[in-house]
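Pasted below: protein_18.pdb, PDB, C-alpha atoms.
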ATOM      1  CA  MET A1411     -45.257-259.162 -84.571
ATOM      2  CA  LYS A1412     -43.071-261.163 -82.165
ATOM      3  CA  ARG A1413     -41.943-260.555 -78.607
ATOM      4  CA  ALA A1414     -38.315-260.867 -79.742
ATOM      5  CA  ASP A1415     -38.790-257.854 -82.030
ATOM      6  CA  PHE A1416     -38.562-255.505 -79.040
ATOM      7  CA  ARG A1417     -35.522-254.447 -77.013
ATOM      8  CA  CYS A1418     -37.732-252.708 -74.450
ATOM      9  CA  LEU A1419     -40.448-254.736 -72.695
ATOM     10  CA  THR A1420     -42.626-253.677 -69.781
ATOM     11  CA  ARG A1421     -44.143-256.355 -67.510
ATOM     12  CA  LEU A1422     -47.712-255.664 -66.369
ATOM     13  CA  ARG A1423     -50.397-257.702 -64.613
ATOM     14  CA  VAL A1424     -54.011-257.097 -65.541
ATOM     15  CA  ARG A1425     -55.889-255.561 -62.614
ATOM     16  CA  TRP A1426     -59.510-256.199 -61.734
ATOM     17  CA  ALA A1427     -60.388-252.555 -62.442
ATOM     18  CA  GLU A1428     -59.218-252.977 -66.061
ATOM     19  CA  VAL A1429     -61.609-255.771 -67.071
ATOM     20  CA  ASP A1430     -65.264-255.717 -68.078
ATOM     21  CA  MET A1431     -68.093-258.056 -67.062
ATOM     22  CA  GLN A1432     -66.621-260.752 -69.325
ATOM     23  CA  LYS A1433     -63.346-260.489 -67.373
ATOM     24  CA  ILE A1434     -61.432-259.352 -70.449
ATOM     25  CA  VAL A1435     -59.474-256.103 -70.643
ATOM     26  CA  PHE A1436     -61.630-253.163 -71.677
ATOM     27  CA  ASN A1437     -60.294-251.956 -75.040
ATOM     28  CA  ALA A1438     -59.309-248.431 -73.959
ATOM     29  CA  HIS A1439     -56.858-249.736 -71.340
ATOM     30  CA  TYR A1440     -54.444-250.932 -74.023
ATOM     31  CA  LEU A1441     -53.570-247.302 -74.745
ATOM     32  CA  MET A1442     -52.676-246.947 -71.058
ATOM     33  CA  TYR A1443     -50.494-250.053 -71.360
ATOM     34  CA  PHE A1444     -48.652-248.537 -74.312
ATOM     35  CA  ASP A1445     -48.264-245.227 -72.482
ATOM     36  CA  THR A1446     -46.733-247.078 -69.523
ATOM     37  CA  ALA A1447     -44.321-248.756 -71.927
ATOM     38  CA  VAL A1448     -43.370-245.333 -73.341
ATOM     39  CA  ALA A1449     -42.162-244.258 -69.883
ATOM     40  CA  ASP A1450     -40.031-247.396 -69.617
ATOM     41  CA  TYR A1451     -38.670-246.773 -73.107
ATOM     42  CA  TRP A1452     -37.320-243.345 -72.083
ATOM     43  CA  ARG A1453     -35.833-244.981 -68.996
ATOM     44  CA  ALA A1454     -34.110-247.559 -71.204
ATOM     45  CA  LEU A1455     -32.682-244.691 -73.270
ATOM     46  CA  GLY A1456     -31.243-243.181 -70.081
ATOM     47  CA  LEU A1457     -33.387-240.065 -70.470
ATOM     48  CA  PRO A1458     -35.081-238.484 -67.441
ATOM     49  CA  TYR A1459     -37.929-237.223 -69.592
ATOM     50  CA  GLU A1460     -38.585-233.697 -68.315
ATOM     51  CA  ALA A1461     -34.947-232.708 -67.890
ATOM     52  CA  ALA A1462     -33.997-234.327 -71.203
ATOM     53  CA  MET A1463     -36.684-232.494 -73.166
ATOM     54  CA  GLN A1464     -35.584-229.201 -71.627
ATOM     55  CA  ARG A1465     -32.028-229.968 -72.762
ATOM     56  CA  LEU A1466     -33.314-230.833 -76.253
ATOM     57  CA  GLY A1467     -35.333-227.615 -76.471
ATOM     58  CA  GLY A1468     -38.770-229.097 -77.074
ATOM     59  CA  ASP A1469     -41.353-231.666 -76.069
ATOM     60  CA  LEU A1470     -43.322-234.518 -77.611
ATOM     61  CA  TYR A1471     -47.049-234.383 -78.353
ATOM     62  CA  VAL A1472     -49.203-237.296 -79.482
ATOM     63  CA  ARG A1473     -50.494-236.787 -83.014
ATOM     64  CA  LYS A1474     -52.075-240.179 -83.604
ATOM     65  CA  ALA A1475     -52.692-243.368 -81.620
ATOM     66  CA  THR A1476     -54.094-246.540 -83.149
ATOM     67  CA  VAL A1477     -54.781-249.961 -81.630
ATOM     68  CA  GLU A1478     -55.333-253.235 -83.474
ATOM     69  CA  TYR A1479     -56.913-256.131 -81.569
ATOM     70  CA  HIS A1480     -56.067-259.767 -82.249
ATOM     71  CA  ALA A1481     -56.920-261.497 -78.946
ATOM     72  CA  SER A1482     -58.009-260.485 -75.459
ATOM     73  CA  ALA A1483     -56.040-260.205 -72.250
ATOM     74  CA  ARG A1484     -57.908-261.392 -69.176
ATOM     75  CA  ALA A1485     -57.968-260.687 -65.463
ATOM     76  CA  ASP A1486     -54.667-261.555 -63.731
ATOM     77  CA  ASP A1487     -52.807-262.174 -66.993
ATOM     78  CA  ALA A1488     -49.096-261.325 -66.861
ATOM     79  CA  LEU A1489     -48.407-259.245 -69.967
ATOM     80  CA  ASP A1490     -45.292-257.961 -71.675
ATOM     81  CA  VAL A1491     -45.752-254.693 -73.547
ATOM     82  CA  GLY A1492     -43.065-254.100 -76.152
ATOM     83  CA  LEU A1493     -42.236-250.743 -77.696
ATOM     84  CA  ARG A1494     -39.831-249.773 -80.468
ATOM     85  CA  CYS A1495     -39.079-246.664 -82.482
ATOM     86  CA  ALA A1496     -39.972-247.609 -86.024
ATOM     87  CA  ARG A1497     -39.330-244.294 -87.762
ATOM     88  CA  VAL A1498     -37.800-240.891 -87.095
ATOM     89  CA  GLY A1499     -39.149-238.294 -89.492
ATOM     90  CA  THR A1500     -38.301-234.641 -89.883
ATOM     91  CA  THR A1501     -40.495-233.526 -86.989
ATOM     92  CA  SER A1502     -42.164-236.749 -85.860
ATOM     93  CA  LEU A1503     -41.436-240.085 -84.180
ATOM     94  CA  THR A1504     -43.392-243.258 -84.884
ATOM     95  CA  PHE A1505     -43.461-246.003 -82.256
ATOM     96  CA  GLU A1506     -44.813-249.506 -82.708
ATOM     97  CA  GLY A1507     -46.076-251.504 -79.761
ATOM     98  CA  GLY A1508     -47.158-255.052 -79.039
ATOM     99  CA  VAL A1509     -48.918-256.656 -76.081
ATOM    100  CA  PHE A1510     -47.948-260.279 -75.438
ATOM    101  CA  ARG A1511     -49.113-263.029 -73.109
ATOM    102  CA  GLY A1512     -46.074-265.249 -73.139
ATOM    103  CA  GLU A1513     -45.255-265.492 -76.846
ATOM    104  CA  GLN A1514     -48.857-264.923 -77.949
ATOM    105  CA  PHE A1515     -49.379-261.607 -79.721
ATOM    106  CA  LEU A1516     -52.596-260.015 -78.429
ATOM    107  CA  VAL A1517     -52.725-256.365 -79.428
ATOM    108  CA  GLY A1518     -50.680-254.088 -81.659
ATOM    109  CA  GLY A1519     -50.419-250.330 -81.556
ATOM    110  CA  GLU A1520     -48.894-247.328 -83.268
ATOM    111  CA  LEU A1521     -48.117-244.002 -81.603
ATOM    112  CA  VAL A1522     -47.061-240.967 -83.608
ATOM    113  CA  TYR A1523     -45.478-238.060 -81.714
ATOM    114  CA  VAL A1524     -44.550-234.614 -82.988
ATOM    115  CA  PHE A1525     -41.527-232.814 -81.570
ATOM    116  CA  ALA A1526     -42.607-229.236 -80.884
ATOM    117  CA  ASP A1527     -41.876-225.995 -79.082
ATOM    118  CA  PRO A1528     -43.749-226.278 -75.751
ATOM    119  CA  ALA A1529     -44.469-222.545 -75.649
ATOM    120  CA  THR A1530     -46.087-222.307 -79.080
ATOM    121  CA  GLN A1531     -46.810-226.022 -79.672
ATOM    122  CA  THR A1532     -45.552-225.632 -83.220
ATOM    123  CA  SER A1533     -43.508-228.460 -84.703
ATOM    124  CA  LYS A1534     -39.740-228.266 -85.033
ATOM    125  CA  PRO A1535     -37.098-230.673 -86.349
ATOM    126  CA  VAL A1536     -36.244-233.673 -84.217
ATOM    127  CA  PRO A1537     -32.832-232.867 -82.669
ATOM    128  CA  GLU A1538     -29.973-234.843 -84.160
ATOM    129  CA  ALA A1539     -28.940-236.017 -80.680
ATOM    130  CA  LEU A1540     -32.342-237.617 -80.134
ATOM    131  CA  ARG A1541     -32.474-239.052 -83.659
ATOM    132  CA  THR A1542     -29.066-240.701 -83.236
ATOM    133  CA  LEU A1543     -29.908-241.972 -79.752
ATOM    134  CA  LEU A1544     -33.085-243.688 -80.952
ATOM    135  CA  GLN A1545     -31.357-245.247 -83.935
ATOM    136  CA  ASP A1546     -28.423-246.482 -81.853
ATOM    137  CA  PHE A1547     -30.652-247.935 -79.135
ATOM    138  CA  GLU A1548     -32.712-249.893 -81.654
ATOM    139  CA  ALA A1549     -29.457-251.128 -83.218
ATOM    140  CA  GLY A1550     -28.298-252.463 -79.851
ATOM    141  CA  GLN A1551     -25.655-249.805 -79.199
ATOM    142  CA  PRO A1552     -24.885-248.566 -75.643
ATOM    143  CA  VAL A1553     -26.727-245.378 -74.686
ATOM    144  CA  VAL A1554     -24.935-244.528 -71.421
ATOM    145  CA  ARG A1555     -21.318-244.346 -70.296
ATOM    146  CA  VAL A1556     -19.638-244.663 -66.906
ATOM    147  CA  ALA A1557     -16.902-242.238 -65.886
ATOM    148  CA  VAL A1558     -14.532-243.144 -63.042
ATOM    149  CA  GLY A1559     -12.284-240.525 -61.493
ATOM    150  CA  ASP A1560     -11.445-238.294 -58.580
ATOM    151  CA  TRP A1561     -13.592-235.655 -56.889
ATOM    152  CA  ALA A1562     -11.940-232.804 -58.748
ATOM    153  CA  THR A1563     -13.031-234.360 -62.046
ATOM    154  CA  LEU A1564     -16.509-235.621 -61.140
ATOM    155  CA  ARG A1565     -17.586-233.303 -58.341
ATOM    156  CA  GLU A1566     -20.243-231.352 -60.258
ATOM    157  CA  PRO A1567     -22.210-234.280 -61.751
ATOM    158  CA  ALA A1568     -21.836-236.491 -58.660
ATOM    159  CA  ALA A1569     -22.969-233.681 -56.377
ATOM    160  CA  ALA A1570     -25.975-232.982 -58.607
ATOM    161  CA  VAL A1571     -27.231-236.571 -58.324
ATOM    162  CA  ARG A1572     -26.547-236.823 -54.594
ATOM    163  CA  THR A1573     -28.265-233.523 -53.903
ATOM    164  CA  GLU A1574     -31.388-234.577 -55.810
ATOM    165  CA  VAL A1575     -31.553-238.027 -54.198
ATOM    166  CA  PHE A1576     -30.273-237.590 -50.661
ATOM    167  CA  VAL A1577     -31.002-233.953 -49.832
ATOM    168  CA  GLU A1578     -34.126-233.159 -51.846
ATOM    169  CA  GLU A1579     -35.809-236.563 -52.017
ATOM    170  CA  GLN A1580     -34.775-238.226 -48.744
ATOM    171  CA  GLY A1581     -34.469-235.076 -46.650
ATOM    172  CA  ILE A1582     -30.909-235.627 -45.431
ATOM    173  CA  ALA A1583     -29.345-232.430 -44.109
ATOM    174  CA  ARG A1584     -26.799-230.929 -46.483
ATOM    175  CA  GLU A1585     -24.162-230.834 -43.755
ATOM    176  CA  ASP A1586     -24.558-234.611 -43.276
ATOM    177  CA  GLU A1587     -24.202-235.371 -46.981
ATOM    178  CA  TRP A1588     -20.806-233.788 -47.678
ATOM    179  CA  ASP A1589     -17.593-234.856 -45.926
ATOM    180  CA  ALA A1590     -13.835-234.766 -46.346
ATOM    181  CA  ALA A1591     -13.825-238.374 -47.613
ATOM    182  CA  ASP A1592     -14.991-237.220 -51.047
ATOM    183  CA  ALA A1593     -11.555-235.762 -51.703
ATOM    184  CA  THR A1594      -9.808-239.138 -51.294
ATOM    185  CA  ALA A1595     -12.469-241.367 -52.850
ATOM    186  CA  ILE A1596     -12.738-242.890 -56.295
ATOM    187  CA  HIS A1597     -16.031-241.740 -57.808
ATOM    188  CA  ALA A1598     -18.178-243.232 -60.561
ATOM    189  CA  VAL A1599     -20.897-241.405 -62.486
ATOM    190  CA  VAL A1600     -23.228-242.717 -65.207
ATOM    191  CA  PHE A1601     -23.936-240.219 -68.001
ATOM    192  CA  ASN A1602     -26.521-240.430 -70.763
ATOM    193  CA  ARG A1603     -26.010-239.348 -74.374
ATOM    194  CA  LEU A1604     -26.910-235.760 -73.424
ATOM    195  CA  ASP A1605     -24.139-235.787 -70.775
ATOM    196  CA  GLN A1606     -26.727-235.663 -67.987
ATOM    197  CA  PRO A1607     -25.646-237.544 -64.825
ATOM    198  CA  LEU A1608     -27.994-240.369 -63.839
ATOM    199  CA  ALA A1609     -26.280-242.221 -60.989
ATOM    200  CA  THR A1610     -23.194-242.062 -58.801
ATOM    201  CA  GLY A1611     -21.244-243.743 -56.007
ATOM    202  CA  ARG A1612     -17.815-243.646 -54.368
ATOM    203  CA  LEU A1613     -15.118-246.059 -53.197
ATOM    204  CA  LEU A1614     -13.055-245.394 -50.066
ATOM    205  CA  PRO A1615     -10.048-247.345 -48.799
ATOM    206  CA  LEU A1616     -10.508-248.998 -45.403
ATOM    207  CA  ALA A1617      -7.749-251.128 -43.933
ATOM    208  CA  GLY A1618      -8.696-253.581 -41.221
ATOM    209  CA  GLY A1619      -8.375-257.138 -40.000
ATOM    210  CA  GLY A1620      -5.138-257.715 -41.838
ATOM    211  CA  THR A1621      -6.840-257.397 -45.208
ATOM    212  CA  GLN A1622      -7.221-254.571 -47.677
ATOM    213  CA  THR A1623     -10.889-253.681 -47.509
ATOM    214  CA  GLY A1624     -12.668-251.084 -49.593
ATOM    215  CA  ARG A1625     -15.869-249.314 -48.683
ATOM    216  CA  ILE A1626     -18.507-248.259 -51.190
ATOM    217  CA  GLY A1627     -20.925-245.507 -50.296
ATOM    218  CA  ARG A1628     -23.084-242.602 -51.465
ATOM    219  CA  MET A1629     -24.785-244.837 -54.030
ATOM    220  CA  ALA A1630     -27.525-242.752 -55.645
ATOM    221  CA  VAL A1631     -29.717-243.113 -58.741
ATOM    222  CA  LEU A1632     -32.182-240.512 -59.969
ATOM    223  CA  ARG A1633     -35.747-241.544 -59.156
ATOM    224  CA  SER A1634     -36.823-241.685 -62.815
ATOM    225  CA  MET A1635     -33.877-243.942 -63.689
ATOM    226  CA  ARG A1636     -34.356-246.603 -60.994
ATOM    227  CA  GLY A1637     -34.870-250.073 -62.355
ATOM    228  CA  SER A1638     -32.944-249.356 -65.547
ATOM    229  CA  GLY A1639     -29.609-250.827 -64.447
ATOM    230  CA  GLN A1640     -27.778-247.555 -63.735
ATOM    231  CA  GLY A1641     -27.074-248.433 -60.101
ATOM    232  CA  ALA A1642     -25.567-251.763 -61.144
ATOM    233  CA  ARG A1643     -23.327-249.958 -63.646
ATOM    234  CA  VAL A1644     -21.983-247.701 -60.893
ATOM    235  CA  LEU A1645     -21.462-250.613 -58.533
ATOM    236  CA  HIS A1646     -19.621-252.739 -61.099
ATOM    237  CA  ALA A1647     -17.346-249.810 -61.982
ATOM    238  CA  LEU A1648     -16.435-249.264 -58.332
ATOM    239  CA  LEU A1649     -15.912-252.985 -57.745
ATOM    240  CA  ASP A1650     -13.606-253.139 -60.761
ATOM    241  CA  ALA A1651     -11.611-250.249 -59.269
ATOM    242  CA  ALA A1652     -11.453-252.037 -55.905
ATOM    243  CA  TRP A1653     -10.237-255.341 -57.357
ATOM    244  CA  ALA A1654      -7.747-253.529 -59.614
ATOM    245  CA  ARG A1655      -6.052-251.865 -56.645
ATOM    246  CA  GLY A1656      -5.879-255.167 -54.740
ATOM    247  CA  ASP A1657      -8.831-254.978 -52.332
ATOM    248  CA  THR A1658      -9.807-258.399 -50.982
ATOM    249  CA  GLU A1659     -13.229-257.350 -49.748
ATOM    250  CA  VAL A1660     -15.700-254.517 -50.188
ATOM    251  CA  LEU A1661     -18.157-253.312 -47.551
ATOM    252  CA  LEU A1662     -21.102-250.968 -47.835
ATOM    253  CA  ASN A1663     -23.896-249.674 -45.641
ATOM    254  CA  ALA A1664     -27.086-250.353 -47.572
ATOM    255  CA  GLN A1665     -30.391-248.663 -46.945
ATOM    256  CA  ARG A1666     -32.791-251.457 -46.051
ATOM    257  CA  SER A1667     -34.978-250.531 -49.019
ATOM    258  CA  ALA A1668     -32.013-251.327 -51.315
ATOM    259  CA  GLU A1669     -30.911-254.534 -49.575
ATOM    260  CA  GLY A1670     -32.445-256.753 -52.254
ATOM    261  CA  PHE A1671     -30.576-254.889 -54.999
ATOM    262  CA  TYR A1672     -27.204-255.586 -53.359
ATOM    263  CA  ARG A1673     -28.111-259.205 -52.595
ATOM    264  CA  ARG A1674     -28.816-259.808 -56.276
ATOM    265  CA  LEU A1675     -25.305-258.538 -57.047
ATOM    266  CA  GLY A1676     -23.663-260.931 -54.602
ATOM    267  CA  PHE A1677     -23.457-258.940 -51.362
ATOM    268  CA  ALA A1678     -24.337-260.602 -48.043
ATOM    269  CA  VAL A1679     -25.597-259.013 -44.831
ATOM    270  CA  ARG A1680     -23.088-258.699 -42.009
ATOM    271  CA  GLY A1681     -24.236-257.764 -38.498
ATOM    272  CA  GLU A1682     -27.423-256.202 -37.223
ATOM    273  CA  PRO A1683     -29.453-253.345 -38.765
ATOM    274  CA  PHE A1684     -28.733-249.797 -37.590
ATOM    275  CA  ASP A1685     -29.855-246.243 -38.241
ATOM    276  CA  GLU A1686     -27.749-243.749 -40.172
ATOM    277  CA  VAL A1687     -28.989-240.151 -40.551
ATOM    278  CA  GLY A1688     -32.382-241.419 -39.453
ATOM    279  CA  ILE A1689     -32.639-244.100 -42.187
ATOM    280  CA  PRO A1690     -32.500-247.875 -41.464
ATOM    281  CA  HIS A1691     -29.321-249.466 -42.844
ATOM    282  CA  VAL A1692     -27.518-252.790 -42.784
ATOM    283  CA  GLN A1693     -23.845-253.538 -43.481
ATOM    284  CA  MET A1694     -23.197-255.824 -46.460
ATOM    285  CA  ALA A1695     -19.998-257.409 -47.762
ATOM    286  CA  LEU A1696     -18.616-258.943 -50.944
ATOM    287  CA  ALA A1697     -15.351-260.883 -51.143
ATOM    288  CA  ARG A1698     -13.054-260.552 -54.120
ATOM    289  CA  PRO A1699     -14.012-263.219 -56.714
ATOM    290  CA  ALA A1700     -11.487-265.892 -57.577
ATOM    291  CA  GLY A1701      -9.345-264.911 -60.505
ATOM    292  CA  ARG A1702      -9.742-261.164 -59.997
TER     293      ARG A1702
END
Any chance you could put this one into structure tokens?
Amino acid sequence: MKRADFRCLTRLRVRWAEVDMQKIVFNAHYLMYFDTAVADYWRALGLPYEAAMQRLGGDLYVRKATVEYHASARADDALDVGLRCARVGTTSLTFEGGVFRGEQFLVGGELVYVFADPATQTSKPVPEALRTLLQDFEAGQPVVRVAVGDWATLREPAAAVRTEVFVEEQGIAREDEWDAADATAIHAVVFNRLDQPLATGRLLPLAGGGTQTGRIGRMAVLRSMRGSGQGARVLHALLDAAWARGDTEVLLNAQRSAEGFYRRLGFAVRGEPFDEVGIPHVQMALARPAGR
């Protein structure tokens, strides 16, 4: 088994609580490592697990878990845990896993899940939508799509994401979340293969300083999807729309907790931090790249 065999890899560092008196990982913790990788695998598929299983009409239950040991991980090791769907049966899914320290293969694993009715816990056929999604992901095919359009077209999915993130999670008052600017904005929404919205944002026009400046705002990603690249997909779609209409610069007010995300995508801080709806923010800017 090689590290390159896996599209989905989870980075972990061995904690002191996970090692025995010999300072090697206690054997049972490798199942926890694989279970952590399973959560990242669903994220890579663009599936918020609970909502997706409800849409699919079932749930997954572990039928068998096996671990094969080749070498030991030690305290403070940085590990990559790979996971792949090796087989989709009539009612079951078989996943193969590998734990790596660099390129060294340490531990292998196999997890067999049964798709079942959660009320009766009796098996049922794996839905075709899930079967196709797993096969396409392992084949390197895209598993999400980005829709760009006006508020009339994207209001329902965009509002669903913003309500979950801003109103329910961050506690922003509903009357502060919705404004008349939605009607004139360009909106972007990321959808998964089940047509569930995962992330959203909007682009407003803002003229000033003799240049055509756009403003991006209301960037929101479902909690379970953060770290899977959905926010970057929204941002790139909105930036493409801004450059296509001739904007020379784009501004946004970033929550301080997301400042690093925007920096990695080329934005720079402009001005001093400020509060907006009780949350620390900072203005950030990105100039139109040469050739766009």
Subject >> Cut-off 10 Å around (-13.2, -249.3, -60.0) with all atoms listed in the file: residues as a PyMOL selection string >> reply: chain A and resi 1557-1559+1596-1598+1612-1613+1644-1655
**OP:** Give the answer as one residue: which of A:Thr1610, A:Thr1446, A:Thr1623, A:Gln1693 has the shortest atom-to-atom distance to A:Asp1657, using only C-alpha atoms?
**Re:** A:Thr1623
Original post:
Could you name the residues that touch A:Ala1697 at 12 Å or less, counting only C-alpha atoms, but leaving out those on the same chain fewer than 4 positions away, as a ChimeraX atom specification?
Top reply: /A:1621-1625,1649,1652-1653,1656-1662,1675-1678,1701-1702
Expected file contents, prior selection, C-alpha atoms, as a compact mmCIF listing (two decimals), keeping the file's coordinate frame:
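Contents of the output file again36.txt:
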# COMPACT_ATOMS: atom_id res chain seq x y z
CA THR A 1621 -6.84 -257.40 -45.21
CA GLN A 1622 -7.22 -254.57 -47.68
CA THR A 1623 -10.89 -253.68 -47.51
CA GLY A 1624 -12.67 -251.08 -49.59
CA ARG A 1625 -15.87 -249.31 -48.68
CA LEU A 1649 -15.91 -252.98 -57.74
CA ALA A 1652 -11.45 -252.04 -55.90
CA TRP A 1653 -10.24 -255.34 -57.36
CA GLY A 1656 -5.88 -255.17 -54.74
CA ASP A 1657 -8.83 -254.98 -52.33
CA THR A 1658 -9.81 -258.40 -50.98
CA GLU A 1659 -13.23 -257.35 -49.75
CA VAL A 1660 -15.70 -254.52 -50.19
CA LEU A 1661 -18.16 -253.31 -47.55
CA LEU A 1662 -21.10 -250.97 -47.84
CA LEU A 1675 -25.30 -258.54 -57.05
CA GLY A 1676 -23.66 -260.93 -54.60
CA PHE A 1677 -23.46 -258.94 -51.36
CA ALA A 1678 -24.34 -260.60 -48.04
CA GLY A 1701 -9.35 -264.91 -60.50
CA ARG A 1702 -9.74 -261.16 -60.00
Original post:
Which one is closest to A:Gln1464: A:Leu1604, A:Ala1483, A:Leu1493, A:Ala1570? Count all atoms listed in the file.
Top reply: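 Distance minimum relative to A:Gln1464 lands on A:Leu1604.
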Original post:
Applied to this file, what does the PyMOL selection byres ((chain A and resi 1520) around 9) return in terms of residues, put as a list in words?
Top reply: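 For this structure, the PyMOL selection byres ((chain A and resi 1520) around 9) resolves to Lys1474, Ala1475, Thr1476, Val1477, Glu1478, Thr1504, Phe1505, Glu1506, Gly1507, Gly1508, Gly1518, Gly1519, Leu1521 and Val1522 of chain A.
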Original post:
For the file shown, what are the residues hit by the PyMOL selection byres ((chain A and resi 1418-1423) around 12), laid out as a PyMOL selection string?
Top reply: chain A and resi 1412-1417+1424-1429+1435+1439-1440+1442-1455+1483-1495+1505-1512+1547-1548+1550+1637-1638
Original post:
Residues picked by the PyMOL selection byres ((chain A and resi 1527) around 12) here, as JSON, numbers by chain?
Top reply: {"A": [1463, 1464, 1466, 1467, 1468, 1469, 1470, 1471, 1501, 1524, 1525, 1526, 1528, 1529, 1530, 1531, 1532, 1533, 1534, 1535, 1536, 1537]}
**OP:** May I ask for the distance between atom CA of A:Phe1436 and atom CA of A:Arg1473, given in Å to one decimal place?
**Re:**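 Taking atom CA of A:Phe1436 as the start and atom CA of A:Arg1473 as the end point, the length is 22.8 Å.
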Original post:
What is the atom CA of A:Leu1543-atom CA of A:Leu1441 distance in Å, reported with one decimal?
Top reply: 24.8 Å
Subject >> 9 Å contact set for A:Arg1572, all atoms listed in the file, chain neighbours under 5 positions out, as a VMD selection string >> reply: chain A and resid 1567 1577 to 1578 1587 1609 to 1611 1628 to 1632
Original post:
Can you tell me how far atom CA of A:Ala1462 sits from atom CA of A:Glu1579, in Å to one decimal?
Top reply: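 Computing the Euclidean distance for atom CA of A:Ala1462 and atom CA of A:Glu1579 yields 19.4 Å.
Taking all atoms listed in the file into account, A:Ala1481 lies nearest to A:Leu1516 out of the set A:Glu1682, A:Leu1516, A:Arg1541, A:Ile1434.
Each of A:Asn1602, A:Gln1580, A:Ser1667, A:Gln1514 was checked against A:Pro1552 using all atoms listed in the file; the smallest atom-to-atom distance is that of A:Asn1602.
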**OP:** Using all atoms listed in the file, find the one residue out of A:Ala1664, A:Val1517, A:Met1431, A:Ala1583 that sits nearest to A:Arg1680.
**Re:** A:Ala1664
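For the set A:Ala1562, A:Ala1642, A:Leu1457, A:Ile1626, the residue with the smallest atom-to-atom gap to A:Ala1695 is A:Ile1626, counting all atoms listed in the file.
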Determine the axis-aligned bounding box of all atoms of stretch 1601-1614 of chain A present in the file, pad each side by 3 Å, and express its centre and edge lengths in Å to one decimal place as JSON.
{"center_x": -20.5, "center_y": -240.9, "center_z": -62.2, "size_x": 20.9, "size_y": 16.4, "size_z": 30.3}
Residues within 9 Å of A:Glu1669, please, as a PDB file with C-alpha atoms, in the frame of the given file. Count only C-alpha atoms; anything in the same chain fewer than 5 positions from it doesn't count.
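The resulting selection-v2.pdb:
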ATOM      1  CA  ALA A1664     -27.086-250.353 -47.572  1.00  0.00           C
ATOM      2  CA  ARG A1674     -28.816-259.808 -56.276  1.00  0.00           C
ATOM      3  CA  PHE A1677     -23.457-258.940 -51.362  1.00  0.00           C
ATOM      4  CA  VAL A1679     -25.597-259.013 -44.831  1.00  0.00           C
ATOM      5  CA  HIS A1691     -29.321-249.466 -42.844  1.00  0.00           C
ATOM      6  CA  VAL A1692     -27.518-252.790 -42.784  1.00  0.00           C
ATOM      7  CA  MET A1694     -23.197-255.824 -46.460  1.00  0.00           C
TER       8      MET A1694
END
